[in-house]
file query.txt (compact mmCIF, C-alpha atoms)
# COMPACT_ATOMS: atom_id res chain seq x y z
CA ARG K 1 3.61 35.30 23.77
CA LEU K 2 2.97 37.54 20.75
CA LEU K 3 1.54 40.35 22.93
CA ALA K 4 4.01 39.97 25.79
CA SER K 5 7.16 41.39 24.21
CA GLY K 6 8.85 42.18 27.51
CA LEU K 7 9.54 45.80 26.43
CA PRO K 8 8.60 48.71 28.74
CA ASN K 9 5.34 50.64 28.17
CA PRO K 10 6.16 53.83 26.17
CA GLY K 11 3.25 55.74 27.71
CA LYS K 12 0.72 58.01 25.90
CA TYR K 13 1.77 60.42 23.20
CA GLU K 14 0.44 63.41 25.13
CA ASP K 15 2.60 62.48 28.11
CA SER K 16 5.69 63.54 26.15
CA GLY K 17 7.38 66.43 27.91
CA PRO K 18 8.41 68.57 24.86
CA ALA K 19 4.94 68.29 23.29
CA ARG K 20 3.19 69.42 26.47
CA ALA K 21 5.66 72.26 26.93
CA LYS K 22 4.67 73.76 23.57
CA LEU K 23 0.94 74.02 24.45
CA PRO K 24 1.22 76.97 26.90
CA ILE K 25 3.31 78.88 24.33
CA LEU K 26 0.66 78.31 21.65
CA ARG K 27 -2.12 79.44 24.00
CA ARG K 28 -0.26 82.67 24.78
CA LEU K 29 0.17 83.40 21.06
CA LEU K 30 -3.52 82.84 20.30
CA ALA K 31 -4.95 84.53 23.40
CA SER K 32 -4.10 88.16 22.72
CA GLY K 33 -6.66 89.52 25.17
CA LEU K 34 -8.08 91.91 22.54
CA PRO K 35 -11.86 92.18 22.01
CA ASN K 36 -13.65 90.74 19.01
CA PRO K 37 -14.01 93.53 16.39
CA GLY K 38 -17.31 92.30 14.96
CA LYS K 39 -17.91 91.54 11.30
CA TYR K 40 -16.46 93.43 8.35
CA GLU K 41 -20.02 94.10 7.23
CA ASP K 42 -20.61 96.06 10.44
CA VAL K 43 -17.91 98.55 9.40
CA ASN K 44 -19.71 99.13 6.08
CA GLN K 45 -23.02 99.74 7.83
CA GLU K 46 -21.46 102.19 10.28
CA ALA K 47 -19.79 104.07 7.41
CA ARG K 48 -23.05 104.30 5.44
CA LYS K 49 -24.81 105.82 8.45
CA ILE K 50 -22.16 108.54 8.58
CA PHE K 51 -21.64 109.34 4.88
CA THR K 52 -25.10 108.54 3.45
CA LEU K 53 -27.93 110.99 4.03
CA ASN K 54 -31.14 108.99 4.37
CA THR K 55 -33.88 111.41 3.34
CA PHE K 56 -37.51 110.60 2.71
CA GLU K 57 -40.27 112.72 1.17
CA GLY K 58 -43.79 111.57 1.87
CA LEU K 59 -45.44 109.45 4.52
CA ARG K 60 -44.28 106.13 5.97
CA LEU K 61 -46.27 103.88 8.31
CA GLU K 62 -44.81 100.80 10.01
CA TYR K 63 -46.80 98.41 12.19
CA GLN K 64 -45.52 95.22 13.81
CA ARG K 65 -47.41 92.68 15.89
CA GLY K 66 -46.33 89.49 17.60
CA LEU K 67 -48.85 86.68 17.20
CA SER K 68 -46.91 84.29 19.44
CA GLN K 69 -43.54 83.97 21.12
CA SER K 70 -42.06 82.70 17.85
CA PHE K 71 -44.15 84.30 15.08
CA GLY K 72 -44.85 87.91 14.17
CA VAL K 73 -46.07 89.98 11.23
CA GLY K 74 -45.54 93.52 10.03
CA HIS K 75 -47.12 96.02 7.62
CA ASN K 76 -45.18 98.83 5.91
CA VAL K 77 -46.93 101.53 3.88
CA SER K 78 -45.06 104.28 2.01
CA LEU K 79 -46.71 107.23 0.25
CA GLN K 80 -44.41 109.29 -1.97
CA PRO K 81 -46.20 111.81 -4.22
CA ALA K 82 -42.98 112.73 -6.08
CA ALA K 83 -42.03 109.11 -6.91
CA ASP K 84 -42.96 107.20 -10.08
CA GLN K 85 -45.09 104.89 -7.94
CA PHE K 86 -47.32 106.87 -5.59
CA GLY K 87 -47.49 104.26 -2.84
CA THR K 88 -46.09 100.87 -1.88
CA TYR K 89 -47.13 98.20 0.60
CA GLU K 90 -44.97 95.47 2.10
CA PHE K 91 -46.02 92.53 4.24
CA ALA K 92 -43.44 91.02 6.59
CA ALA K 93 -43.55 87.68 8.40
CA ASN K 94 -40.88 86.64 10.89
CA TYR K 95 -40.30 83.37 12.73
CA SER K 96 -37.81 82.79 15.56
CA ASN K 97 -37.19 79.57 17.46
CA GLY K 98 -33.98 79.13 19.42
CA LYS K 99 -31.07 79.02 16.98
CA HIS K 100 -33.31 79.56 13.93
CA LEU K 101 -34.50 82.91 12.54
CA LEU K 102 -36.56 83.38 9.37
CA LEU K 103 -37.38 86.81 7.93
CA SER K 104 -39.52 87.50 4.85
CA GLN K 105 -40.91 90.54 3.08
CA THR K 106 -43.44 90.52 0.23
CA GLN K 107 -44.39 93.52 -1.92
CA THR K 108 -47.59 94.13 -3.85
CA ASN K 109 -45.86 93.52 -7.20
CA GLY K 110 -44.99 89.97 -6.11
CA ASP K 111 -41.33 90.53 -5.24
CA LEU K 112 -40.18 88.43 -2.29
CA GLN K 113 -37.13 88.79 -0.08
CA ALA K 114 -36.30 86.11 2.48
CA ARG K 115 -33.45 85.49 4.92
CA TYR K 116 -32.70 82.44 7.06
CA ILE K 117 -30.15 82.66 9.89
CA LEU K 118 -28.83 79.71 11.87
CA GLN K 119 -26.78 80.30 15.03
CA ALA K 120 -25.01 76.95 14.86
CA THR K 121 -22.65 77.63 17.77
CA GLU K 122 -21.61 80.59 19.86
CA ASN K 123 -18.95 81.45 17.26
CA LEU K 124 -20.44 80.07 14.02
CA THR K 125 -23.39 81.62 12.15
CA MET K 126 -24.78 80.56 8.76
CA GLN K 127 -27.11 82.73 6.66
CA ILE K 128 -28.98 82.33 3.37
CA GLN K 129 -30.59 85.33 1.67
CA SER K 130 -32.67 85.23 -1.51
CA GLN K 131 -34.65 87.60 -3.70
CA LEU K 132 -37.37 86.52 -6.13
CA THR K 133 -38.65 89.06 -8.63
CA LYS K 134 -40.53 89.19 -11.92
CA THR K 135 -37.77 91.31 -13.47
CA PRO K 136 -35.65 89.08 -15.75
CA HIS K 137 -32.16 88.15 -14.49
CA GLN K 138 -32.69 89.86 -11.13
CA SER K 139 -33.62 86.91 -8.89
CA ASN K 140 -30.63 85.80 -6.85
CA ALA K 141 -29.46 84.07 -3.68
CA ILE K 142 -26.36 84.22 -1.52
CA ALA K 143 -25.06 82.18 1.43
CA ASN K 144 -22.77 83.47 4.19
CA VAL K 145 -20.75 81.64 6.83
CA ASP K 146 -19.49 83.84 9.68
CA TYR K 147 -16.95 82.69 12.25
CA LYS K 148 -16.06 84.79 15.28
CA GLY K 149 -12.65 84.24 16.84
CA SER K 150 -11.28 85.71 20.05
CA ASP K 151 -9.99 88.91 18.38
CA TRP K 152 -10.92 88.39 14.71
CA SER K 153 -13.87 87.61 12.43
CA LEU K 154 -14.06 85.80 9.10
CA THR K 155 -16.88 85.73 6.54
CA VAL K 156 -17.08 83.50 3.46
CA LYS K 157 -19.75 84.13 0.79
CA ALA K 158 -21.02 82.22 -2.25
CA GLY K 159 -24.02 83.03 -4.40
CA SER K 160 -25.68 83.55 -7.75
CA TYR K 161 -23.77 84.87 -10.76
CA ALA K 162 -20.75 82.72 -9.71
CA GLN K 163 -20.20 85.06 -6.79
CA PHE K 164 -17.51 84.37 -4.20
CA GLY K 165 -16.42 86.64 -1.36
CA LEU K 166 -14.09 86.69 1.62
CA SER K 167 -13.77 89.30 4.37
CA TYR K 168 -11.58 89.43 7.46
CA LEU K 169 -11.47 91.86 10.37
CA GLN K 170 -8.73 91.83 13.02
CA SER K 171 -8.34 93.77 16.27
CA VAL K 172 -4.90 95.40 16.38
CA THR K 173 -5.43 97.22 19.67
CA ARG K 174 -8.44 97.62 21.96
CA ASN K 175 -9.55 100.62 19.91
CA LEU K 176 -8.19 99.89 16.42
CA SER K 177 -9.21 97.16 13.98
CA LEU K 178 -8.16 96.53 10.37
CA GLY K 179 -9.95 94.52 7.70
CA LEU K 180 -9.82 93.30 4.09
CA ASP K 181 -12.65 92.36 1.74
CA PHE K 182 -12.51 90.48 -1.58
CA LEU K 183 -15.38 89.84 -4.01
CA TYR K 184 -15.44 88.04 -7.37
CA VAL K 185 -18.48 87.86 -9.64
CA GLY K 186 -17.86 85.63 -12.63
CA LYS K 187 -21.18 85.48 -14.46
CA LEU K 188 -23.23 88.65 -14.56
CA PRO K 189 -26.61 88.84 -16.37
CA MET K 190 -27.04 90.52 -19.73
CA GLY K 191 -23.60 89.35 -20.90
CA GLN K 192 -21.61 91.70 -18.70
CA PRO K 193 -17.95 90.78 -18.10
CA PRO K 194 -16.86 89.32 -14.74
CA PHE K 195 -15.17 91.60 -12.23
CA PHE K 196 -13.05 91.42 -9.08
CA MET K 197 -13.18 93.96 -6.27
CA SER K 198 -11.09 94.40 -3.14
CA ALA K 199 -11.37 96.88 -0.29
CA ALA K 200 -9.71 97.67 3.03
CA ALA K 201 -11.21 99.12 6.19
CA LEU K 202 -9.92 100.83 9.30
CA ARG K 203 -12.06 101.46 12.36
CA TYR K 204 -11.08 103.36 15.47
CA SER K 205 -13.44 103.36 18.43
CA THR K 206 -13.14 105.24 21.70
CA ASN K 207 -15.52 102.87 23.53

call {"tool": "encode", "arguments": {"input": "query.txt", "output": "structure tokens"}}
result
Amino acid sequence: RLLASGLPNPGKYEDSGPARAKLPILRRLLASGLPNPGKYEDVNQEARKIFTLNTFEGLRLEYQRGLSQSFGVGHNVSLQPAADQFGTYEFAANYSNGKHLLLSQTQTNGDLQARYILQATENLTMQIQSQLTKTPHQSNAIANVDYKGSDWSLTVKAGSYAQFGLSYLQSVTRNLSLGLDFLYVGKLPMGQPPFFMSAAALRYSTN
């Protein structure tokens, strides 16, 4: 008797007509049909290739070898007679297995750089990068989370020295994309004051 109230069944919430009518409108607003512009970091790399002249005086040898389908090593030798250090050697070891990618590079002075990348989903990527060195106050680490939307990309960063960053890149047209980047570093080594930096980017592509 308690359960049988005699009232009509109200139906499911999603069966409501006005609520279902709003879904196609929301889909049209979110699905712009524009391509994904890539990450904000990609714009910086493209700009450096154009405006930075990468010159090298000396001899550089690079050798890479895959030991298995997942593991490979590399050897990099640089000879620069005009530099303070005549030659350098770097040993690289890389591991890849499905969604996981691990990159490392070790120099003869003991400095180590390592990067771990996890492709969690098709749109979500997480990355941790670290640098260990004998130089005081120079070892650091930073973590990135990248999310790729239909026509936009978002990156959130957090790392050593109380570092926090946020970057966003949006496709405006099929050829034009606009982006913003914010970075705050609150605790620099050697007693330096904290600083905040912001930047904007515009990229036009004919592809």

call {"tool": "atom_distance", "arguments": {"input": "query.txt", "atom1": "CA of Leu154 in chain K", "atom2": "CA of Ser130 in chain K"}}
result
21.4 Å

call {"tool": "closest_residue", "arguments": {"input": "query.txt", "among": "K:Ala143, K:Ala93, K:Val172, K:Leu112", "to": "Gln127 in chain K", "atoms": "all atoms listed in the file"}}
result
K:Ala143

call {"tool": "residues_around", "arguments": {"input": "query.txt", "residues": "Ser198 in chain K", "least_positions_apart": "5", "cutoff": "9 Å", "atoms": "all atoms listed in the file", "output": "tab-separated table (two decimals) with C-alpha atoms, in the frame of the given file"}}
result
chain	number	residue	atom	x	y	z
K	180	LEU	CA	-9.82	93.30	4.09
K	181	ASP	CA	-12.65	92.36	1.74
K	182	PHE	CA	-12.51	90.48	-1.58
K	183	LEU	CA	-15.38	89.84	-4.01
K	184	TYR	CA	-15.44	88.04	-7.37

call {"tool": "closest_residue", "arguments": {"input": "query.txt", "among": "K:Glu57, K:Gly66, K:Thr106, K:Ala47", "to": "Pro81 in chain K", "atoms": "all atoms listed in the file"}}
result
K:Glu57

call {"tool": "atom_distance", "arguments": {"input": "query.txt", "atom1": "CA of Gly72 in chain K", "atom2": "CA of Gly110 in chain K"}}
result
20.4 Å

call {"tool": "atom_distance", "arguments": {"input": "query.txt", "atom1": "CA of Ser153 in chain K", "atom2": "CA of Gln170 in chain K"}}
result
6.7 Å

call {"tool": "closest_residue", "arguments": {"input": "query.txt", "among": "K:Phe71, K:Tyr161, K:Phe91, K:Tyr168", "to": "Glu41 in chain K", "atoms": "only C-alpha atoms"}}
result
K:Tyr168

call {"tool": "decode", "arguments": {"input": "query.txt", "residues": "range 76-100 of chain K", "atoms": "N, CA, C and O atoms", "output": "short mmCIF file (atom, residue, chain, number, x, y, z; two decimals), in the first residue's frame"}}
result
data_model
loop_
_atom_site.label_atom_id
_atom_site.label_comp_id
_atom_site.auth_asym_id
_atom_site.auth_seq_id
_atom_site.Cartn_x
_atom_site.Cartn_y
_atom_site.Cartn_z
N ASN K 76 75.44 10.40 -28.94
CA ASN K 76 75.66 11.71 -29.55
C ASN K 76 77.03 12.24 -29.14
O ASN K 76 77.32 12.36 -27.94
N VAL K 77 77.85 12.55 -30.13
CA VAL K 77 79.19 13.07 -29.88
C VAL K 77 79.32 14.42 -30.58
O VAL K 77 78.99 14.54 -31.77
N SER K 78 79.77 15.43 -29.83
CA SER K 78 79.96 16.77 -30.40
C SER K 78 81.39 17.21 -30.15
O SER K 78 81.89 17.13 -29.01
N LEU K 79 82.06 17.68 -31.19
CA LEU K 79 83.42 18.21 -31.10
C LEU K 79 83.40 19.66 -31.54
O LEU K 79 83.08 19.96 -32.69
N GLN K 80 83.71 20.56 -30.62
CA GLN K 80 83.69 22.00 -30.89
C GLN K 80 85.01 22.61 -30.43
O GLN K 80 85.19 22.90 -29.25
N PRO K 81 85.96 22.81 -31.33
CA PRO K 81 87.27 23.35 -30.93
C PRO K 81 87.18 24.74 -30.30
O PRO K 81 87.98 25.08 -29.43
N ALA K 82 86.20 25.56 -30.73
CA ALA K 82 86.12 26.93 -30.23
C ALA K 82 85.40 27.04 -28.89
O ALA K 82 85.40 28.10 -28.27
N ALA K 83 84.76 25.96 -28.41
CA ALA K 83 84.00 26.01 -27.17
C ALA K 83 84.91 25.82 -25.96
O ALA K 83 86.07 25.40 -26.09
N ASP K 84 84.39 26.17 -24.76
CA ASP K 84 85.17 25.99 -23.54
C ASP K 84 85.46 24.50 -23.30
O ASP K 84 86.53 24.15 -22.82
N GLN K 85 84.51 23.66 -23.64
CA GLN K 85 84.69 22.22 -23.52
C GLN K 85 84.84 21.64 -24.92
O GLN K 85 83.95 21.77 -25.75
N PHE K 86 85.98 21.03 -25.19
CA PHE K 86 86.30 20.61 -26.56
C PHE K 86 85.28 19.63 -27.11
O PHE K 86 84.87 19.73 -28.27
N GLY K 87 84.85 18.67 -26.32
CA GLY K 87 83.93 17.66 -26.80
C GLY K 87 82.97 17.21 -25.72
O GLY K 87 83.28 17.28 -24.52
N THR K 88 81.79 16.75 -26.13
CA THR K 88 80.79 16.23 -25.22
C THR K 88 80.24 14.92 -25.76
O THR K 88 80.25 14.68 -26.98
N TYR K 89 79.77 14.09 -24.85
CA TYR K 89 79.16 12.81 -25.21
C TYR K 89 77.86 12.65 -24.43
O TYR K 89 77.81 12.94 -23.22
N GLU K 90 76.83 12.19 -25.11
CA GLU K 90 75.54 11.97 -24.48
C GLU K 90 75.04 10.57 -24.84
O GLU K 90 75.12 10.16 -26.00
N PHE K 91 74.52 9.89 -23.84
CA PHE K 91 73.94 8.57 -24.04
C PHE K 91 72.44 8.67 -23.85
O PHE K 91 71.96 9.20 -22.83
N ALA K 92 71.68 8.18 -24.81
CA ALA K 92 70.22 8.24 -24.77
C ALA K 92 69.64 6.84 -24.71
O ALA K 92 70.14 5.93 -25.38
N ALA K 93 68.60 6.68 -23.92
CA ALA K 93 67.87 5.41 -23.82
C ALA K 93 66.38 5.72 -23.87
O ALA K 93 65.90 6.56 -23.09
N ASN K 94 65.68 5.06 -24.76
CA ASN K 94 64.25 5.32 -24.97
C ASN K 94 63.46 4.02 -24.85
O ASN K 94 63.91 2.96 -25.30
N TYR K 95 62.28 4.14 -24.26
CA TYR K 95 61.40 2.97 -24.11
C TYR K 95 59.99 3.37 -24.51
O TYR K 95 59.48 4.41 -24.08
N SER K 96 59.35 2.56 -25.33
CA SER K 96 57.99 2.83 -25.81
C SER K 96 57.18 1.56 -25.74
O SER K 96 57.63 0.50 -26.20
N ASN K 97 55.98 1.67 -25.15
CA ASN K 97 55.11 0.51 -25.03
C ASN K 97 53.66 0.99 -25.00
O ASN K 97 53.16 1.42 -23.96
N GLY K 98 53.01 0.97 -26.14
CA GLY K 98 51.62 1.38 -26.20
C GLY K 98 51.44 2.85 -25.86
O GLY K 98 51.96 3.74 -26.55
N LYS K 99 50.74 3.13 -24.77
CA LYS K 99 50.46 4.50 -24.36
C LYS K 99 51.60 5.14 -23.60
O LYS K 99 51.54 6.32 -23.27
N HIS K 100 52.67 4.39 -23.30
CA HIS K 100 53.76 4.88 -22.47
C HIS K 100 55.00 5.15 -23.31
O HIS K 100 55.37 4.34 -24.16
#
